[in-house]
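Below is one structure, written out as structure tokens, with a few remarks after it.
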Amino acid sequence: MLGIITADSYRISVIVSVLGVLLLWQCWRPMAWLWPIVFFCLGLAWAQQYFLEPNTHLNLTKQPQSFLLRIQEPLTFLERGFRVRADYLEPDENGFKASAVSLRVYQGDLPLRSGDLVRIWGRYRQTHRLHNFGQPDRQRQQERLGLHGQIQVDTVQAVVSVGQATGWWWWRPAEAWRYTLRQLWSDPGPVDGLLRALVLGDRSGLGAELQEKFQRAGLSHMLAISGQHIGLVALLAFMVFRWVLRLCPPIALYIPLSTLAWSLAWLPTTAYVGLAGAPVTAVRAWIFLSAFILALWCLRQRDTWTIFCVAAALILLYQPAALFSLSFQLSFMAIASLLWVSRWTWLQGRRLVGLLVHSLAIILWTAPLLAYTFQQLSFVGVISHVLASVYFAVILCPLILLRIISLIVSASVIVWPQQLLDLALTGFIKGVHFFSTWPGQVSLSLSVTEVLFIYGALLLLLLSWQLQRRRVLCLTAFASFVLLSGSLFYPKPLKHFRMTLLDVGQGDAIVLQFPDGKNYLVDGGGHYIPSQQRKFPVRDVGASVVVPALRKLGVKALSGVILSHPHPDHYGGLLAVVKNFPVKNFYWNGDRFPDEEFQQLLQQLNQQHTSIVNVMEVPSDITGSGYHINWLKSEALPETDLNNRSLGVRIDYGATCVLLTGDMEAAAERFLVRAIDGTHLRCDILKVPHHGSRTSSTAEFLDAVQPQLAIVSVGARNRFGLPHASVVESYGQRNIPLYRTDQHGAVQLESDGKQYWVRTAR
């Protein structure tokens, strides 16, 4: 039914909803609990238009072509190049039709502004989602923002400015200042890089190592302009203006000083939002602040929940799809927790205690969402967040504002503010280094049901506290502690063998989990191009896909990592895995590959004192409770033929057998058929060799294995055209069901030793 509703009807529904909101505000003020329902329905109805088909007629292209784009927002600078949202202008009978796309330029820098018209030469790629169990759908999030694809450009030489669109004059001063500050703070090193991140939200100057330390310290949120930054700037400006206004007592006879101070603080706060590039999170906080100031003038400052819900409705008008955004949900929970804590009268006058309680409230209310999304929590962040917030508010924020003012006066004369700021930033970085060494990150895998239970328990606790129902409060706290501790810290053990073939694109990553608690990872995905041959950066599949998937599957340690062969689409993601999980053993065939990432992997394994086992030299079959893992070795083949020397893995669990073949081709298949007894090669489930290449899955091999089920790991629309049509036909002729990760997402198999069953992520 939603598919036939037009965009105009959505806009009409929004107008009607807004009128209903205003009616509620005027007529049913006491019924504040209706507000969350109102703006939830508002966002849900309006955001449905983003579930419709993309409105662009761009074609997927392997060869570059010309595009006319209109820049829609400030550039997001990355470690290499930049990314920006733009409108692709398609000519039609009425002039031009705009379709939202993402523009990615991999090399160079350009002073592009919002509203600029550019002609580029690049390739269009439709965004593709990787479907894994329990992981957020990144592509769906982009589609909800109206983005259905990306135009990729090699260098800025392929981008030519052809003019400026009208209607953007009001935005250009902020962007000009933003670009000027970026040029002034362009020295290499962590100090200027951190300064650009804190002021402009530009993390391109921060190295991967420093960003990782921020994450370990629980402070990665400070590197993105968020509501916390906007709130601190507004609070500091309010305190300054209130101090100035108190020097003029007659003003208080006409206007309350607090109301006037907040109104004046709105001006520098608005300027800062523009300077930061108006990211969505900052705009949301600015809307909350504007609604609060409006309520002050309307003498409704006591209706905090009403103000909060009006601001939320305004945010959904500005960006309807924000309802499904993690940042909006976190902002909603954080502000709701602050509003609730602000009602505690015993905190009045206790500023330090109040700051601590407010910080703990934010952490408590946002923790379930963070645990559900990232499958981990940082308890060290409880301490580091409080200290970093105080340091940022008391020291960094005033020094940054002083430095910007000095730049306005004279950048060449007044240099001492920059020197003080450099010292403060250096101290902040040392603090991050200190907290990053603390242990305290805990892996948690929460389901939607558990998240809802936690928030329900929190609400019940707060209501019991407010109503002074001590007995209910104690019973709720005890029951919640017992249930959550049993569910989170003592998870239910597996009863069966489980194998999950992850969707990692064009690569392999397979998780083996056994009832005795042992977990193994066979390959770790990656990119098929070696690191030294890549012209442009690629996504770290290990950090973005494999590690979160392992956490979602409840893996806390790996008894072994098995590398079938040293090709980058098989080992590329293992470095992130080894950094995030303790690994007891590393099994491989001893073959090496001349690539920097592969050398880093071996170095990391040695640093962690992982036992490295060459199965070609040491008898190393694995036997556990009811299962056996042994190796199929193509050792007689040349060492240069890495694909055919892939380490085969056979898993026997009761009567169920699984055969994993890496990237074996015809030569290896022929060797195994002749070297191994036919009954030992026969298996129920076969991982299709070499991603379904036509050089593998020979008739002789399939007749020897006689699988009842086959699974192939391939990337959607991969450049190799895999699986090959002849291979698909070969499996079809033998009536072997074929599961494909590009069509079915991750494939999970469970077996009780007698029978098995399969489920997919799509």
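Chain lettering (A, B, ...) mirrors the order of the structure tokens, residue numbering begins at 1 for each chain separately, and ligand numbering begins at 1 in order of display.
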
**Study point:** DSSP alpha helix (DSSP H) residues within range 194-339 of chain A, listed as a ChimeraX atom specification
**Key:** /A:194-200,208-216,227-245,257-275,280-297,304-318,326-339

**Study point:** 8 Å contact set for range 561-563 of chain A, only C-alpha atoms, chain neighbours under 6 positions out, as a VMD selection string
**Key:** chain A and resid 520 to 523 570 to 571 583 585 to 589 647

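Pairwise distance (CA of Ala725 in chain A, CA of Thr698 in chain A) equals 13.5 Å.
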
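Nearest to Gln513 in chain A of all the residues A:Val618, A:Leu377, A:Ile651, A:Ala224 is A:Ile651, based on only C-alpha atoms.
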
Check your understanding: Which residues, written as JSON, numbers by chain, have at least one atom at most 12 Å from Phe332 in chain A, with only C-alpha atoms counted and residues fewer than 2 positions away on the same chain left out?
Key -> {"A": [36, 39, 40, 227, 281, 284, 285, 288, 305, 308, 309, 311, 312, 313, 315, 322, 323, 324, 325, 326, 327, 328, 329, 330, 334, 335, 336, 337, 338, 339, 362, 365, 366, 369]}

Practice item. Skip Gly205 in chain A itself and residues of its chain fewer than 2 positions away, then list as a ChimeraX atom specification all residues within 12 Å of it, counting only C-alpha atoms. Key: /A:77-81,182-183,185-198,200-203,207-211,223

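Candidate residues A:Phe536, A:Glu665, A:Leu89, A:Leu402 were compared for distance to Arg104 in chain A, and the nearest is A:Phe536, using only C-alpha atoms.
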
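Restricting the calculation to only C-alpha atoms, the smallest distance between Ile363 in chain A and any of A:Leu314, A:Ala86, A:Ala699, A:Leu219 is found for A:Leu219.
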
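The smallest atom-to-atom distance between Phe67 in chain A and any of A:Arg125, A:Arg83, A:Arg119, A:Arg403, using only C-alpha atoms, is found for A:Arg119.
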
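Between CA of Val341 in chain A and CA of Ala237 in chain A the separation is 23.1 Å.
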
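For the atom pair formed by CA of Ala667 in chain A and CA of Val714 in chain A, the distance is 21.6 Å, given to one decimal.
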
Exercise for review: With a distance cut-off of 10 Å and only C-alpha atoms, select the neighbouring residues of Gly542 in chain A, excluding the residue or stretch itself and same-chain residues fewer than 6 positions from it, and output the selection as a list in words.
Suggested key: Val504, Ala509, Gly524, Gly525, Gly526, Pro548, Ala549, Tyr571, Gly572, Gly573, Leu574, Leu575, Ala576, Val577, Val578 and Asn580 of chain A

Practice item. Identify, on the basis of only C-alpha atoms, every residue whose closest approach to Ser161 in chain A does not exceed 9 Å; exclude the query and any residue fewer than 5 positions from it along the same chain; express the result as a PyMOL selection string. Key: chain A and resi 112+116-120

Would you output that residue set with N, CA and C atoms, as a compact mmCIF listing (two decimals), in the first residue's frame?
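The result, written out as out.txt:
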# COMPACT_ATOMS: atom_id res chain seq x y z
N LEU A 112 35.46 23.49 -2.66
CA LEU A 112 34.07 23.49 -3.13
C LEU A 112 33.16 23.99 -2.02
N ASP A 116 27.76 24.88 -5.38
CA ASP A 116 28.62 24.89 -6.56
C ASP A 116 28.13 23.86 -7.57
N LEU A 117 28.20 24.23 -8.83
CA LEU A 117 27.90 23.31 -9.93
C LEU A 117 29.22 22.80 -10.49
N VAL A 118 29.37 21.48 -10.58
CA VAL A 118 30.62 20.89 -11.06
C VAL A 118 30.32 19.87 -12.13
N ARG A 119 31.22 19.79 -13.08
CA ARG A 119 31.18 18.75 -14.11
C ARG A 119 32.32 17.78 -13.79
N ILE A 120 31.98 16.52 -13.62
CA ILE A 120 33.00 15.55 -13.22
C ILE A 120 33.04 14.40 -14.21

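Restricting the calculation to only C-alpha atoms, the smallest distance between Thr656 in chain A and any of A:Pro417, A:Gly149, A:Pro638, A:Pro707 is found for A:Pro707.
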
Exercise for review: Would you mind listing what lies within 10 Å of range 378-387 of chain A as a PyMOL selection string, with only C-alpha atoms counted and same-chain residues fewer than 6 positions away left out?
Suggested key: chain A and resi 214-222+355-360+362-364+367+370-371+393+431-432+434-443

Since we have the selection now, will you write its residues out, keeping N, CA and C atoms, as a compact mmCIF listing (two decimals), in the first residue's frame?
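What follows is the written file again.txt:
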# COMPACT_ATOMS: atom_id res chain seq x y z
N PHE A 214 41.50 6.74 20.77
CA PHE A 214 40.28 7.42 21.22
C PHE A 214 39.17 6.40 21.44
N GLN A 215 39.07 5.43 20.52
CA GLN A 215 38.02 4.42 20.66
C GLN A 215 38.24 3.57 21.90
N ARG A 216 39.47 3.15 22.14
CA ARG A 216 39.75 2.32 23.31
C ARG A 216 39.52 3.09 24.61
N ALA A 217 39.76 4.40 24.57
CA ALA A 217 39.54 5.22 25.76
C ALA A 217 38.08 5.58 25.94
N GLY A 218 37.21 5.18 25.01
CA GLY A 218 35.79 5.51 25.11
C GLY A 218 35.48 6.95 24.78
N LEU A 219 36.32 7.59 23.95
CA LEU A 219 36.17 9.01 23.64
C LEU A 219 36.04 9.28 22.15
N SER A 220 35.74 8.27 21.36
CA SER A 220 35.66 8.48 19.91
C SER A 220 34.54 9.43 19.53
N HIS A 221 33.52 9.56 20.40
CA HIS A 221 32.41 10.47 20.09
C HIS A 221 32.84 11.92 20.08
N MET A 222 33.97 12.24 20.72
CA MET A 222 34.43 13.63 20.77
C MET A 222 35.07 14.07 19.45
N LEU A 355 27.51 17.29 37.69
CA LEU A 355 28.16 16.94 36.43
C LEU A 355 28.42 15.45 36.35
N LEU A 356 28.86 14.87 37.48
CA LEU A 356 29.12 13.43 37.51
C LEU A 356 27.83 12.64 37.31
N VAL A 357 26.76 13.03 37.99
CA VAL A 357 25.49 12.31 37.87
C VAL A 357 24.92 12.45 36.46
N HIS A 358 25.01 13.64 35.87
CA HIS A 358 24.53 13.83 34.52
C HIS A 358 25.30 12.97 33.53
N SER A 359 26.61 12.90 33.68
CA SER A 359 27.43 12.08 32.79
C SER A 359 27.09 10.60 32.94
N LEU A 360 26.93 10.15 34.18
CA LEU A 360 26.56 8.75 34.41
C LEU A 360 25.18 8.44 33.85
N ILE A 362 23.76 9.86 31.22
CA ILE A 362 23.89 9.74 29.76
C ILE A 362 24.47 8.39 29.39
N ILE A 363 25.52 7.97 30.10
CA ILE A 363 26.16 6.68 29.79
C ILE A 363 25.19 5.54 30.02
N LEU A 364 24.43 5.59 31.12
CA LEU A 364 23.49 4.52 31.45
C LEU A 364 22.39 4.39 30.41
N ALA A 367 23.91 3.27 26.87
CA ALA A 367 24.68 2.03 26.82
C ALA A 367 23.96 0.89 26.10
N LEU A 370 24.25 1.40 22.34
CA LEU A 370 25.63 1.22 21.89
C LEU A 370 26.02 -0.25 21.90
N ALA A 371 25.60 -0.97 22.93
CA ALA A 371 25.93 -2.40 23.01
C ALA A 371 25.24 -3.18 21.89
N ALA A 393 35.21 21.48 28.41
CA ALA A 393 34.37 22.64 28.73
C ALA A 393 35.16 23.75 29.42
N GLY A 431 46.34 12.41 27.79
CA GLY A 431 45.28 11.77 28.58
C GLY A 431 44.61 10.65 27.82
N VAL A 432 44.40 10.83 26.52
CA VAL A 432 43.81 9.77 25.70
C VAL A 432 44.73 8.56 25.66
N PHE A 434 46.81 7.69 27.91
CA PHE A 434 46.77 7.07 29.24
C PHE A 434 45.55 6.17 29.39
N PHE A 435 44.36 6.69 29.05
CA PHE A 435 43.14 5.90 29.23
C PHE A 435 43.03 4.76 28.22
N SER A 436 43.69 4.89 27.07
CA SER A 436 43.60 3.81 26.07
C SER A 436 44.31 2.55 26.52
N THR A 437 45.20 2.67 27.50
CA THR A 437 45.91 1.48 28.00
C THR A 437 45.14 0.76 29.09
N TRP A 438 44.05 1.35 29.56
CA TRP A 438 43.27 0.72 30.61
C TRP A 438 42.42 -0.41 30.03
N PRO A 439 42.33 -1.54 30.73
CA PRO A 439 41.37 -2.56 30.31
C PRO A 439 39.96 -2.12 30.69
N GLY A 440 38.98 -2.64 30.05
CA GLY A 440 37.62 -2.25 30.41
C GLY A 440 36.62 -2.39 29.29
N GLN A 441 37.07 -2.84 28.11
CA GLN A 441 36.12 -3.07 27.03
C GLN A 441 35.54 -4.47 27.17
N VAL A 442 34.23 -4.55 27.20
CA VAL A 442 33.52 -5.81 27.38
C VAL A 442 32.65 -6.07 26.16
N SER A 443 32.77 -7.27 25.60
CA SER A 443 31.94 -7.64 24.46
C SER A 443 30.56 -8.05 24.94

Revision key, fill the gap. Restricting to only C-alpha atoms, whichever of A:Gly134, A:Ser114, A:Ala457, A:Arg719 is closest to Leu550 in chain A is A:Gly134
